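Reading through the structure tokens given below for one structure.
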Amino acid sequence: MIAVLRSELNRTLMIRASWVSIAATIALGLTFGVYSADFWTLFAGIGAFGLAVLTTGQHYQHRTAMLLMLGEPRRWRLLAGQCVAAAVVATVTTALSGLTVADEAAQWRLTVAMTPLIAVMGVAVATVVRRPTWAMAGTVGWLLIAEGLLGKLRAPLPFSAYLNAATGDPKQLFIFAGWTVVALAGAAAMIRRDMLSH
Amino acid sequence: MIETRRLSKTYGAVAALRDVTFAAAPGRVTGFLGLNGSGKTTTLRLLLGLARPTSGEALINGRRYRELRRPLREVGAVLEQGVAHPGLTGRGHLRTQAPLAGANGARVDQVLEYVGLGDAARTRTGEYSLGMRQRLAVATALLGEPPVLILDEPANGLDPAGVAWLRGLLRSHAEAGGTVLLSSHLLGELELLVDDVVIIADGEVRLAAPLAQLTGSPRLRVRGADLRTLYDAFTGYGGYIETDGSALFVEGLTAEQAGDIALAVQVPIYELTVETVSLEAIFFELAAAR
């Protein structure tokens, strides 16, 4: 698991697309934070989720997931390593992107504290879907239609719970954590699938 | 040591592999031959733990891949024409692999030089030719200094010089006591490289034997003025002879002996050729015939 973590962190730092995405997320977060702390929280959540989907999904897109599986054939440990790596990257990114909401210290702390969970959810979704574009498009669709239009961001759904927890209803944290566990359980079952030729 | 025991894999209703049993021994290069879709890649994936068998076992050094404690220090694999993130340089790719293989930075530079990518170490793999990607895949496999190498069509994309390089590399790996299993359809190249041959067709092993035993001893094709006299003379000297009426096919005699015998019995010889059975002929007989 430690080897996977080190490999993943090396990779994130060396692939230009990865650190450009991280830098862009930080820059946009800093900008949004100036206008609205709530909007920053929403954006930071989507950013953390997106970075996690990107780093995990790329492995399936470019077939390098095979190399990870050869290095760590016990797939649950592989998943754990990927989750920790994504959580570290996302948490650092979110913490830095929120420096402009410093006067809302409680919200900053809650958002940063929940970032590892949302990163784990991103890894889990990408592990199940195995295609980063579909994973992101599906998530945006879900967010707009299920959580936004139908649930009005008040229903006990993952992103709504994350948003409400960060903006003043800490009890929603449990709902959000529950969804993360569900996603992780799905990923733990699905990562055992065969890696076939393309 | 690589072994499969009654290995079977079914996708839905389709049986991709049926009771595949063979072994690849240390110190030898084993060629795994089959047409496209015969089950070669599936077998290698099961050996490497990338897919689960429906039944049977795939073992490396007596254990399933998932049970190997430090897999990349025991097994190196070359798959799918070299997989790498196109945005990483050759060195960057190996440095992301290094923690998994328990290798350090010095080892990364060493394998880059060894596979001839020293000058391309800082080039992004997205700009690599197919041959360079294949060399990078070999470097990735060698990173953890594993005794066992499993290679799926490793000669694909290599130019003739690259193929000769790979042949030398794999031969010296086997001569140093390593186990090499490679799949290929480039039969001519394999014939110069492998010690043992496993032929697979329609998901079943059709043949597993040492190459030397397959191609056997060469036989002579002899045409002459009086086949009857030649037949009797060759038989008298211990030759084993078959004929199609126009030529004799002689086993157990050298070309020199056959020429001397013909001279002794005063029969003019019109043709005296040494024929060896090629791996290709055996392969097409077993794999291509349905």
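Naming works like this for the structure tokens: A, B, ... for the chains as they're shown, residue 1 at the start of each chain, ligands 1 onward in shown order.
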Could you give me, as a Markdown table, every chain A residue with an atom at most 9 Å from chain B, plus its closest atom pair and distance in Å to one decimal, counting only C-alpha atoms, rows ordered by chain then number?
| residue | atom | partner | partner_atom | distance |
| --- | --- | --- | --- | --- |
| A:Ile2 | CA | B:Pro99 | CA | 8.6 |
| A:Ala3 | CA | B:Pro99 | CA | 5.1 |
| A:Val4 | CA | B:Leu100 | CA | 6.5 |
| A:Leu5 | CA | B:Pro99 | CA | 8.9 |
| A:Arg6 | CA | B:Pro99 | CA | 6.4 |
| A:Ser7 | CA | B:Thr96 | CA | 4.7 |
| A:Glu8 | CA | B:Thr96 | CA | 7.1 |
| A:Leu9 | CA | B:Thr96 | CA | 8.4 |
| A:Asn10 | CA | B:Thr96 | CA | 5.6 |
| A:Arg11 | CA | B:Thr96 | CA | 5.6 |
| A:Met14 | CA | B:Gly92 | CA | 6.7 |
| A:Ile15 | CA | B:Leu88 | CA | 5.7 |
| A:Arg16 | CA | B:Gly87 | CA | 6.8 |
| A:Ala17 | CA | B:Gly87 | CA | 7.5 |
| A:Gln58 | CA | B:His85 | CA | 8.1 |
| A:His59 | CA | B:His85 | CA | 8.0 |
| A:His62 | CA | B:His85 | CA | 6.0 |
| A:Arg63 | CA | B:Val83 | CA | 6.1 |
| A:Thr64 | CA | B:Val83 | CA | 5.8 |
| A:Met66 | CA | B:Leu50 | CA | 7.2 |
| A:Leu67 | CA | B:Gln97 | CA | 7.8 |
| A:Leu68 | CA | B:Leu100 | CA | 7.7 |
| A:Met69 | CA | B:Leu50 | CA | 7.0 |
| A:Leu70 | CA | B:Leu48 | CA | 6.9 |
| A:Gly71 | CA | B:Leu100 | CA | 5.2 |
| A:Glu72 | CA | B:Leu100 | CA | 7.4 |
| A:Pro73 | CA | B:Arg66 | CA | 5.1 |
| A:Arg74 | CA | B:Arg66 | CA | 6.0 |
| A:Arg192 | CA | B:Ala51 | CA | 8.6 |
| A:Arg193 | CA | B:Ala51 | CA | 7.2 |
| A:Asp194 | CA | B:Ala51 | CA | 4.2 |
| A:Met195 | CA | B:Leu50 | CA | 5.3 |
| A:Leu196 | CA | B:Ala51 | CA | 7.2 |
| A:Ser197 | CA | B:Glu80 | CA | 7.7 |
| A:His198 | CA | B:Glu80 | CA | 8.8 |
Restrict the selected residues to C-alpha atoms and save them as a compact mmCIF listing (two decimals), in the first residue's frame.
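See out25.txt below for the written result:
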# COMPACT_ATOMS: atom_id res chain seq x y z
CA ILE A 2 2.86 2.37 0.85
CA ALA A 3 4.51 1.54 -2.49
CA VAL A 4 1.27 2.39 -4.32
CA LEU A 5 1.00 5.65 -2.37
CA ARG A 6 4.57 6.63 -3.26
CA SER A 7 4.09 5.64 -6.88
CA GLU A 8 0.87 7.65 -7.14
CA LEU A 9 2.36 10.76 -5.53
CA ASN A 10 5.43 10.55 -7.83
CA ARG A 11 3.10 10.33 -10.77
CA MET A 14 5.52 14.35 -12.72
CA ILE A 15 2.53 14.45 -15.06
CA ARG A 16 2.08 17.99 -16.27
CA ALA A 17 -1.69 17.61 -16.77
CA GLN A 58 -6.32 7.83 -16.14
CA HIS A 59 -4.86 4.52 -15.04
CA HIS A 62 -4.01 4.52 -20.42
CA ARG A 63 -4.01 0.90 -19.20
CA THR A 64 -1.38 1.66 -16.54
CA MET A 66 -2.30 -3.12 -15.11
CA LEU A 67 1.13 -2.00 -13.91
CA LEU A 68 -0.31 -1.07 -10.52
CA MET A 69 -2.05 -4.44 -10.29
CA LEU A 70 1.19 -6.23 -11.18
CA GLY A 71 2.95 -4.29 -8.42
CA GLU A 72 0.18 -4.77 -5.86
CA PRO A 73 -1.90 -7.79 -6.89
CA ARG A 74 -3.96 -7.65 -3.70
CA ARG A 192 -11.59 -7.36 -8.41
CA ARG A 193 -12.86 -7.51 -12.01
CA ASP A 194 -10.55 -8.92 -14.68
CA MET A 195 -8.26 -6.60 -16.59
CA LEU A 196 -8.89 -7.70 -20.16
CA SER A 197 -7.17 -6.77 -23.37
CA HIS A 198 -8.59 -3.75 -25.07
Inset, instruction - Name all residues at most 7 Å from Gly239 of chain B (count only C-alpha atoms; drop same-chain ones fewer than 6 positions away) and give them as a ChimeraX atom specification. - result: /B:250-253
Legend entry - atom CA of Pro147 of chain B to atom CA of Val163 of chain B, distance in Å rounded to a single decimal: 21.0 Å
Legend entry - Computed interatomic separation between atom CA of Arg221 of chain B and atom CA of Phe283 of chain B (Å): 22.3 Å
Legend entry - Residue nearest Ile241 of chain B among B:Leu136, B:Ala258, B:Val197, B:Leu186 (counting only C-alpha atoms): B:Ala258
Inset, instruction - Find the spatial neighbours of Trp179 of chain A, counting only C-alpha atoms, within a cut-off of 9 Å - ignore same-chain residues fewer than 6 positions away - and output them as a count of residues only. - result: 3
Inset, instruction - Counting only C-alpha atoms, figure out which residue out of A:Ile26, A:Leu79, A:Met190, A:Ile175 gets nearest to Thr93 of chain A. - result: A:Ile26
